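Engineer: Dropping a structure here in structure tokens format, bear with me for questions.
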Amino acid sequence: MSLNIVTLVGRAGGDPNVKYFESGSMVCNLTLAVNRRSSKNDQPDWFNLEIWDRTGEIAADYVRKGSLIGVKGSLKFDYWQDRNTGANRSKPVIRVYQLELLGSKRDDAQNYDEF
């Protein structure tokens with residue numbers, strides 16, 4: 001048996017980036033800042049999110065920079081070759097299958113430039 005589940009709560013680092021495909025599917029990409037508590041200061045950890053189809057449409061319609069959201073998904077890695085150096089690159093991505101909109105309308109009215 002294997003298990004690959006990631007659960008995060010944080011604030012959107014920017015507005016969603018949406019791409020539509022000829023097949024009719026769509027993907028919504030955004031970043032999520034999750035504060036890491038420490039004795040000196042609170043520094044966020046940044047996560048790249050990939051949200052597909054209907055859940056991605058909801059994210060595109062309702063999530064904006066600073067929105068408080070909860071996500072559940074699985075960890076995957078994107079691999080590519082750098083065009084300039086030819087070096088192999090990779091980055092972790094959370095493929096989201098469940099999205100929770102946690103902020104209130106009052107939260108949305110505030111400006112969250114700290115991220």
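Going by the structure tokens order, chains are called A, B, ..., each with residues numbered from 1, while ligands are numbered from 1 in the order shown.
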Can you list every residue of stretch 68-99 of chain A that has an atom at most 12 Å from stretch 43-59 of chain A, with its nearest atom pair and the distance in Å to one decimal, using only C-alpha atoms, ordered by chain then number, as JSON lines?
Structural biologist:
```
{"residue": "A:Leu68", "atom": "CA", "partner": "A:Ala59", "partner_atom": "CA", "distance": 11.6}
{"residue": "A:Ile69", "atom": "CA", "partner": "A:Ala59", "partner_atom": "CA", "distance": 9.5}
{"residue": "A:Gly70", "atom": "CA", "partner": "A:Ala59", "partner_atom": "CA", "distance": 11.2}
{"residue": "A:Val71", "atom": "CA", "partner": "A:Leu49", "partner_atom": "CA", "distance": 9.0}
{"residue": "A:Lys72", "atom": "CA", "partner": "A:Leu49", "partner_atom": "CA", "distance": 10.2}
{"residue": "A:Gly73", "atom": "CA", "partner": "A:Leu49", "partner_atom": "CA", "distance": 9.0}
{"residue": "A:Ser74", "atom": "CA", "partner": "A:Leu49", "partner_atom": "CA", "distance": 10.0}
{"residue": "A:Leu75", "atom": "CA", "partner": "A:Leu49", "partner_atom": "CA", "distance": 9.6}
{"residue": "A:Lys76", "atom": "CA", "partner": "A:Glu50", "partner_atom": "CA", "distance": 9.9}
{"residue": "A:Phe77", "atom": "CA", "partner": "A:Asn48", "partner_atom": "CA", "distance": 10.4}
{"residue": "A:Asp78", "atom": "CA", "partner": "A:Asn48", "partner_atom": "CA", "distance": 10.6}
{"residue": "A:Lys91", "atom": "CA", "partner": "A:Asn48", "partner_atom": "CA", "distance": 8.6}
{"residue": "A:Pro92", "atom": "CA", "partner": "A:Asn48", "partner_atom": "CA", "distance": 7.2}
{"residue": "A:Val93", "atom": "CA", "partner": "A:Asn48", "partner_atom": "CA", "distance": 5.1}
{"residue": "A:Ile94", "atom": "CA", "partner": "A:Leu49", "partner_atom": "CA", "distance": 4.9}
{"residue": "A:Arg95", "atom": "CA", "partner": "A:Glu50", "partner_atom": "CA", "distance": 4.8}
{"residue": "A:Val96", "atom": "CA", "partner": "A:Ile51", "partner_atom": "CA", "distance": 5.1}
{"residue": "A:Tyr97", "atom": "CA", "partner": "A:Ile51", "partner_atom": "CA", "distance": 6.9}
{"residue": "A:Gln98", "atom": "CA", "partner": "A:Thr55", "partner_atom": "CA", "distance": 7.2}
{"residue": "A:Leu99", "atom": "CA", "partner": "A:Thr55", "partner_atom": "CA", "distance": 6.9}
```
Engineer: Please, could you write that set of residues out with all heavy atoms as a compact mmCIF listing (two decimals), in the first residue's frame?
Structural biologist:
```
# COMPACT_ATOMS: atom_id res chain seq x y z
N LEU A 68 -7.93 33.08 1.57
CA LEU A 68 -7.62 31.97 2.46
C LEU A 68 -8.30 30.72 1.92
O LEU A 68 -9.52 30.70 1.76
CB LEU A 68 -8.10 32.27 3.88
CG LEU A 68 -7.80 31.20 4.93
CD1 LEU A 68 -6.29 31.05 5.12
CD2 LEU A 68 -8.46 31.57 6.25
N ILE A 69 -7.51 29.69 1.61
CA ILE A 69 -8.05 28.46 1.05
C ILE A 69 -7.42 27.26 1.73
O ILE A 69 -6.31 27.33 2.27
CB ILE A 69 -7.85 28.36 -0.48
CG1 ILE A 69 -6.37 28.39 -0.85
CG2 ILE A 69 -8.62 29.45 -1.20
CD1 ILE A 69 -6.09 28.11 -2.32
N GLY A 70 -8.12 26.15 1.67
CA GLY A 70 -7.61 24.86 2.10
C GLY A 70 -7.62 23.94 0.90
O GLY A 70 -8.55 23.98 0.08
N VAL A 71 -6.59 23.13 0.75
CA VAL A 71 -6.52 22.20 -0.38
C VAL A 71 -6.11 20.82 0.11
O VAL A 71 -5.41 20.67 1.12
CB VAL A 71 -5.53 22.67 -1.47
CG1 VAL A 71 -5.99 23.97 -2.10
CG2 VAL A 71 -4.12 22.80 -0.94
N LYS A 72 -6.57 19.83 -0.61
CA LYS A 72 -6.13 18.46 -0.40
C LYS A 72 -5.76 17.93 -1.78
O LYS A 72 -6.48 18.14 -2.76
CB LYS A 72 -7.24 17.61 0.21
CG LYS A 72 -6.75 16.23 0.62
CD LYS A 72 -7.84 15.44 1.31
CE LYS A 72 -7.91 15.91 2.75
NZ LYS A 72 -8.74 15.00 3.57
N GLY A 73 -4.61 17.27 -1.86
CA GLY A 73 -4.16 16.77 -3.15
C GLY A 73 -3.02 15.79 -2.98
O GLY A 73 -2.80 15.24 -1.90
N SER A 74 -2.30 15.59 -4.07
CA SER A 74 -1.16 14.68 -4.05
C SER A 74 0.07 15.40 -4.60
O SER A 74 -0.04 16.31 -5.42
CB SER A 74 -1.46 13.43 -4.88
OG SER A 74 -1.77 13.78 -6.21
N LEU A 75 1.24 14.97 -4.12
CA LEU A 75 2.50 15.55 -4.54
C LEU A 75 2.98 14.88 -5.81
O LEU A 75 2.97 13.65 -5.92
CB LEU A 75 3.54 15.37 -3.43
CG LEU A 75 4.94 15.88 -3.72
CD1 LEU A 75 4.95 17.39 -3.88
CD2 LEU A 75 5.89 15.45 -2.61
N LYS A 76 3.38 15.71 -6.78
CA LYS A 76 4.00 15.19 -8.00
C LYS A 76 5.16 16.10 -8.35
O LYS A 76 5.32 17.17 -7.75
CB LYS A 76 3.00 15.11 -9.15
CG LYS A 76 2.57 16.45 -9.69
CD LYS A 76 1.73 16.30 -10.95
CE LYS A 76 1.77 17.60 -11.71
NZ LYS A 76 1.71 17.43 -13.13
N PHE A 77 5.98 15.69 -9.28
CA PHE A 77 7.10 16.51 -9.72
C PHE A 77 6.99 16.74 -11.22
O PHE A 77 6.72 15.81 -11.98
CB PHE A 77 8.44 15.82 -9.41
CG PHE A 77 8.79 15.86 -7.95
CD1 PHE A 77 8.33 14.89 -7.08
CD2 PHE A 77 9.56 16.90 -7.45
CE1 PHE A 77 8.64 14.94 -5.73
CE2 PHE A 77 9.86 16.96 -6.10
CZ PHE A 77 9.40 15.98 -5.24
N ASP A 78 7.19 18.01 -11.63
CA ASP A 78 7.29 18.35 -13.04
C ASP A 78 8.76 18.37 -13.41
O ASP A 78 9.59 18.94 -12.68
CB ASP A 78 6.68 19.73 -13.31
CG ASP A 78 5.16 19.72 -13.32
OD1 ASP A 78 4.57 18.62 -13.40
OD2 ASP A 78 4.56 20.81 -13.27
N LYS A 91 10.42 20.57 -10.28
CA LYS A 91 9.79 21.33 -9.20
C LYS A 91 8.62 20.51 -8.66
O LYS A 91 7.93 19.82 -9.41
CB LYS A 91 9.32 22.71 -9.65
CG LYS A 91 8.12 22.70 -10.56
CD LYS A 91 7.65 24.12 -10.84
CE LYS A 91 6.43 24.09 -11.74
NZ LYS A 91 5.90 25.41 -12.01
N PRO A 92 8.42 20.59 -7.34
CA PRO A 92 7.27 19.89 -6.75
C PRO A 92 5.99 20.67 -7.03
O PRO A 92 5.99 21.89 -7.01
CB PRO A 92 7.61 19.86 -5.26
CG PRO A 92 8.53 21.01 -5.05
CD PRO A 92 9.26 21.22 -6.34
N VAL A 93 4.92 19.94 -7.29
CA VAL A 93 3.61 20.53 -7.56
C VAL A 93 2.57 19.73 -6.79
O VAL A 93 2.64 18.50 -6.73
CB VAL A 93 3.27 20.49 -9.07
CG1 VAL A 93 1.88 21.03 -9.34
CG2 VAL A 93 4.31 21.26 -9.87
N ILE A 94 1.61 20.42 -6.19
CA ILE A 94 0.50 19.76 -5.53
C ILE A 94 -0.66 19.70 -6.51
O ILE A 94 -1.15 20.73 -6.96
CB ILE A 94 0.05 20.52 -4.25
CG1 ILE A 94 1.23 20.81 -3.33
CG2 ILE A 94 -1.07 19.75 -3.55
CD1 ILE A 94 1.98 19.61 -2.84
N ARG A 95 -1.06 18.49 -6.90
CA ARG A 95 -2.21 18.32 -7.78
C ARG A 95 -3.45 18.25 -6.89
O ARG A 95 -3.69 17.24 -6.21
CB ARG A 95 -2.08 17.08 -8.63
CG ARG A 95 -3.21 16.98 -9.63
CD ARG A 95 -2.92 16.03 -10.71
NE ARG A 95 -3.98 16.14 -11.71
CZ ARG A 95 -4.00 15.49 -12.83
NH1 ARG A 95 -3.01 14.69 -13.12
NH2 ARG A 95 -4.99 15.63 -13.67
N VAL A 96 -4.23 19.31 -6.90
CA VAL A 96 -5.35 19.48 -5.98
C VAL A 96 -6.58 18.75 -6.49
O VAL A 96 -6.96 18.89 -7.66
CB VAL A 96 -5.66 20.99 -5.79
CG1 VAL A 96 -6.90 21.20 -4.94
CG2 VAL A 96 -4.46 21.70 -5.19
N TYR A 97 -7.23 17.99 -5.61
CA TYR A 97 -8.51 17.38 -5.96
C TYR A 97 -9.64 17.87 -5.07
O TYR A 97 -10.81 17.59 -5.34
CB TYR A 97 -8.43 15.85 -5.98
CG TYR A 97 -7.94 15.20 -4.71
CD1 TYR A 97 -8.78 15.04 -3.61
CD2 TYR A 97 -6.64 14.74 -4.62
CE1 TYR A 97 -8.32 14.44 -2.46
CE2 TYR A 97 -6.18 14.13 -3.47
CZ TYR A 97 -7.02 13.98 -2.39
OH TYR A 97 -6.57 13.38 -1.24
N GLN A 98 -9.31 18.58 -3.99
CA GLN A 98 -10.35 19.15 -3.13
C GLN A 98 -9.93 20.56 -2.74
O GLN A 98 -8.81 20.78 -2.28
CB GLN A 98 -10.54 18.29 -1.89
CG GLN A 98 -11.65 18.75 -0.99
CD GLN A 98 -11.84 17.82 0.21
OE1 GLN A 98 -11.34 16.71 0.24
NE2 GLN A 98 -12.56 18.29 1.20
N LEU A 99 -10.86 21.51 -2.91
CA LEU A 99 -10.60 22.92 -2.61
C LEU A 99 -11.66 23.42 -1.65
O LEU A 99 -12.86 23.19 -1.87
CB LEU A 99 -10.65 23.74 -3.91
CG LEU A 99 -10.64 25.25 -3.78
CD1 LEU A 99 -9.28 25.74 -3.29
CD2 LEU A 99 -10.97 25.88 -5.13
```
Engineer: Which residues of stretch 50-107 of chain A have any atom within 6 Å of an atom in stretch 10-21 of chain A when counting only C-alpha atoms, and what is the closest pair of atoms for each, with the distance in Å to one decimal? Order the rows by chain and rising number and write it as a Markdown table.
Structural biologist:
```
| residue | atom | partner | partner_atom | distance |
| --- | --- | --- | --- | --- |
| A:Ala60 | CA | A:Pro16 | CA | 5.7 |
| A:Arg64 | CA | A:Asp15 | CA | 4.7 |
| A:Lys65 | CA | A:Gly14 | CA | 4.1 |
| A:Gly66 | CA | A:Ala12 | CA | 5.0 |
| A:Ser67 | CA | A:Arg11 | CA | 5.2 |
| A:Leu68 | CA | A:Arg11 | CA | 4.5 |
| A:Ile69 | CA | A:Gly10 | CA | 5.8 |
```
Engineer: Smallest atom-to-atom distance to A:Leu8: which of A:Leu102, A:Val27, A:Val63, A:Val34, using only C-alpha atoms?
Structural biologist: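 Comparing A:Leu102, A:Val27, A:Val63, A:Val34 against A:Leu8, the winner is A:Val34.
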Engineer: Which of chain A counts as alpha helix (DSSP H) under DSSP, as a PyMOL selection string please?
Structural biologist: chain A and resi 53-62+105-109
Engineer: Can those selected residues be exported to a file as a PDB file, in the first residue's frame so that it contains N, CA, C and O atoms?
Structural biologist:
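What follows is the written file again_11.pdb:
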```
ATOM      1  N   ASP A  53     -10.063  20.991 -14.225  1.00  0.00           N
ATOM      2  CA  ASP A  53     -11.476  20.889 -14.599  1.00  0.00           C
ATOM      3  C   ASP A  53     -12.413  21.642 -13.658  1.00  0.00           C
ATOM      4  O   ASP A  53     -12.197  22.823 -13.409  1.00  0.00           O
ATOM      5  N   ARG A  54     -13.465  21.029 -13.141  1.00  0.00           N
ATOM      6  CA  ARG A  54     -14.488  21.755 -12.386  1.00  0.00           C
ATOM      7  C   ARG A  54     -13.925  22.427 -11.135  1.00  0.00           C
ATOM      8  O   ARG A  54     -14.258  23.572 -10.836  1.00  0.00           O
ATOM      9  N   THR A  55     -13.057  21.742 -10.418  1.00  0.00           N
ATOM     10  CA  THR A  55     -12.439  22.343  -9.239  1.00  0.00           C
ATOM     11  C   THR A  55     -11.574  23.534  -9.650  1.00  0.00           C
ATOM     12  O   THR A  55     -11.549  24.561  -8.974  1.00  0.00           O
ATOM     13  N   GLY A  56     -10.908  23.426 -10.779  1.00  0.00           N
ATOM     14  CA  GLY A  56     -10.119  24.541 -11.315  1.00  0.00           C
ATOM     15  C   GLY A  56     -10.983  25.724 -11.716  1.00  0.00           C
ATOM     16  O   GLY A  56     -10.587  26.877 -11.533  1.00  0.00           O
ATOM     17  N   GLU A  57     -12.164  25.452 -12.247  1.00  0.00           N
ATOM     18  CA  GLU A  57     -13.092  26.538 -12.598  1.00  0.00           C
ATOM     19  C   GLU A  57     -13.530  27.295 -11.352  1.00  0.00           C
ATOM     20  O   GLU A  57     -13.621  28.519 -11.352  1.00  0.00           O
ATOM     21  N   ILE A  58     -13.799  26.566 -10.279  1.00  0.00           N
ATOM     22  CA  ILE A  58     -14.191  27.206  -9.014  1.00  0.00           C
ATOM     23  C   ILE A  58     -13.043  28.074  -8.500  1.00  0.00           C
ATOM     24  O   ILE A  58     -13.260  29.220  -8.083  1.00  0.00           O
ATOM     25  N   ALA A  59     -11.828  27.557  -8.551  1.00  0.00           N
ATOM     26  CA  ALA A  59     -10.669  28.346  -8.116  1.00  0.00           C
ATOM     27  C   ALA A  59     -10.518  29.601  -8.969  1.00  0.00           C
ATOM     28  O   ALA A  59     -10.289  30.691  -8.449  1.00  0.00           O
ATOM     29  N   ALA A  60     -10.674  29.462 -10.290  1.00  0.00           N
ATOM     30  CA  ALA A  60     -10.531  30.613 -11.181  1.00  0.00           C
ATOM     31  C   ALA A  60     -11.596  31.667 -10.905  1.00  0.00           C
ATOM     32  O   ALA A  60     -11.328  32.871 -11.008  1.00  0.00           O
ATOM     33  N   ASP A  61     -12.800  31.240 -10.537  1.00  0.00           N
ATOM     34  CA  ASP A  61     -13.907  32.178 -10.305  1.00  0.00           C
ATOM     35  C   ASP A  61     -13.838  32.855  -8.941  1.00  0.00           C
ATOM     36  O   ASP A  61     -14.252  34.008  -8.805  1.00  0.00           O
ATOM     37  N   TYR A  62     -13.347  32.164  -7.927  1.00  0.00           N
ATOM     38  CA  TYR A  62     -13.475  32.666  -6.554  1.00  0.00           C
ATOM     39  C   TYR A  62     -12.178  32.974  -5.820  1.00  0.00           C
ATOM     40  O   TYR A  62     -12.198  33.692  -4.826  1.00  0.00           O
ATOM     41  N   LYS A 105     -16.248  37.266   3.095  1.00  0.00           N
ATOM     42  CA  LYS A 105     -16.272  38.401   2.188  1.00  0.00           C
ATOM     43  C   LYS A 105     -15.472  39.560   2.761  1.00  0.00           C
ATOM     44  O   LYS A 105     -14.853  40.317   2.034  1.00  0.00           O
ATOM     45  N   ARG A 106     -15.473  39.703   4.079  1.00  0.00           N
ATOM     46  CA  ARG A 106     -14.706  40.766   4.708  1.00  0.00           C
ATOM     47  C   ARG A 106     -13.209  40.531   4.482  1.00  0.00           C
ATOM     48  O   ARG A 106     -12.457  41.474   4.237  1.00  0.00           O
ATOM     49  N   ASP A 107     -12.770  39.280   4.528  1.00  0.00           N
ATOM     50  CA  ASP A 107     -11.365  38.977   4.250  1.00  0.00           C
ATOM     51  C   ASP A 107     -10.999  39.371   2.828  1.00  0.00           C
ATOM     52  O   ASP A 107      -9.911  39.872   2.576  1.00  0.00           O
ATOM     53  N   ASP A 108     -11.909  39.117   1.884  1.00  0.00           N
ATOM     54  CA  ASP A 108     -11.645  39.431   0.488  1.00  0.00           C
ATOM     55  C   ASP A 108     -11.518  40.935   0.259  1.00  0.00           C
ATOM     56  O   ASP A 108     -10.850  41.373  -0.673  1.00  0.00           O
ATOM     57  N   ALA A 109     -12.155  41.730   1.097  1.00  0.00           N
ATOM     58  CA  ALA A 109     -12.104  43.181   0.947  1.00  0.00           C
ATOM     59  C   ALA A 109     -10.776  43.755   1.418  1.00  0.00           C
ATOM     60  O   ALA A 109     -10.400  44.857   1.048  1.00  0.00           O
TER      61      ALA A 109
END
```
Engineer: Got a sec to tell me which of stretch 9-104 of chain A DSSP assigns to strand (DSSP E or B), as a ChimeraX atom specification?
Structural biologist: /A:9-12,17-20,26-36,43-52,68-81,88-101
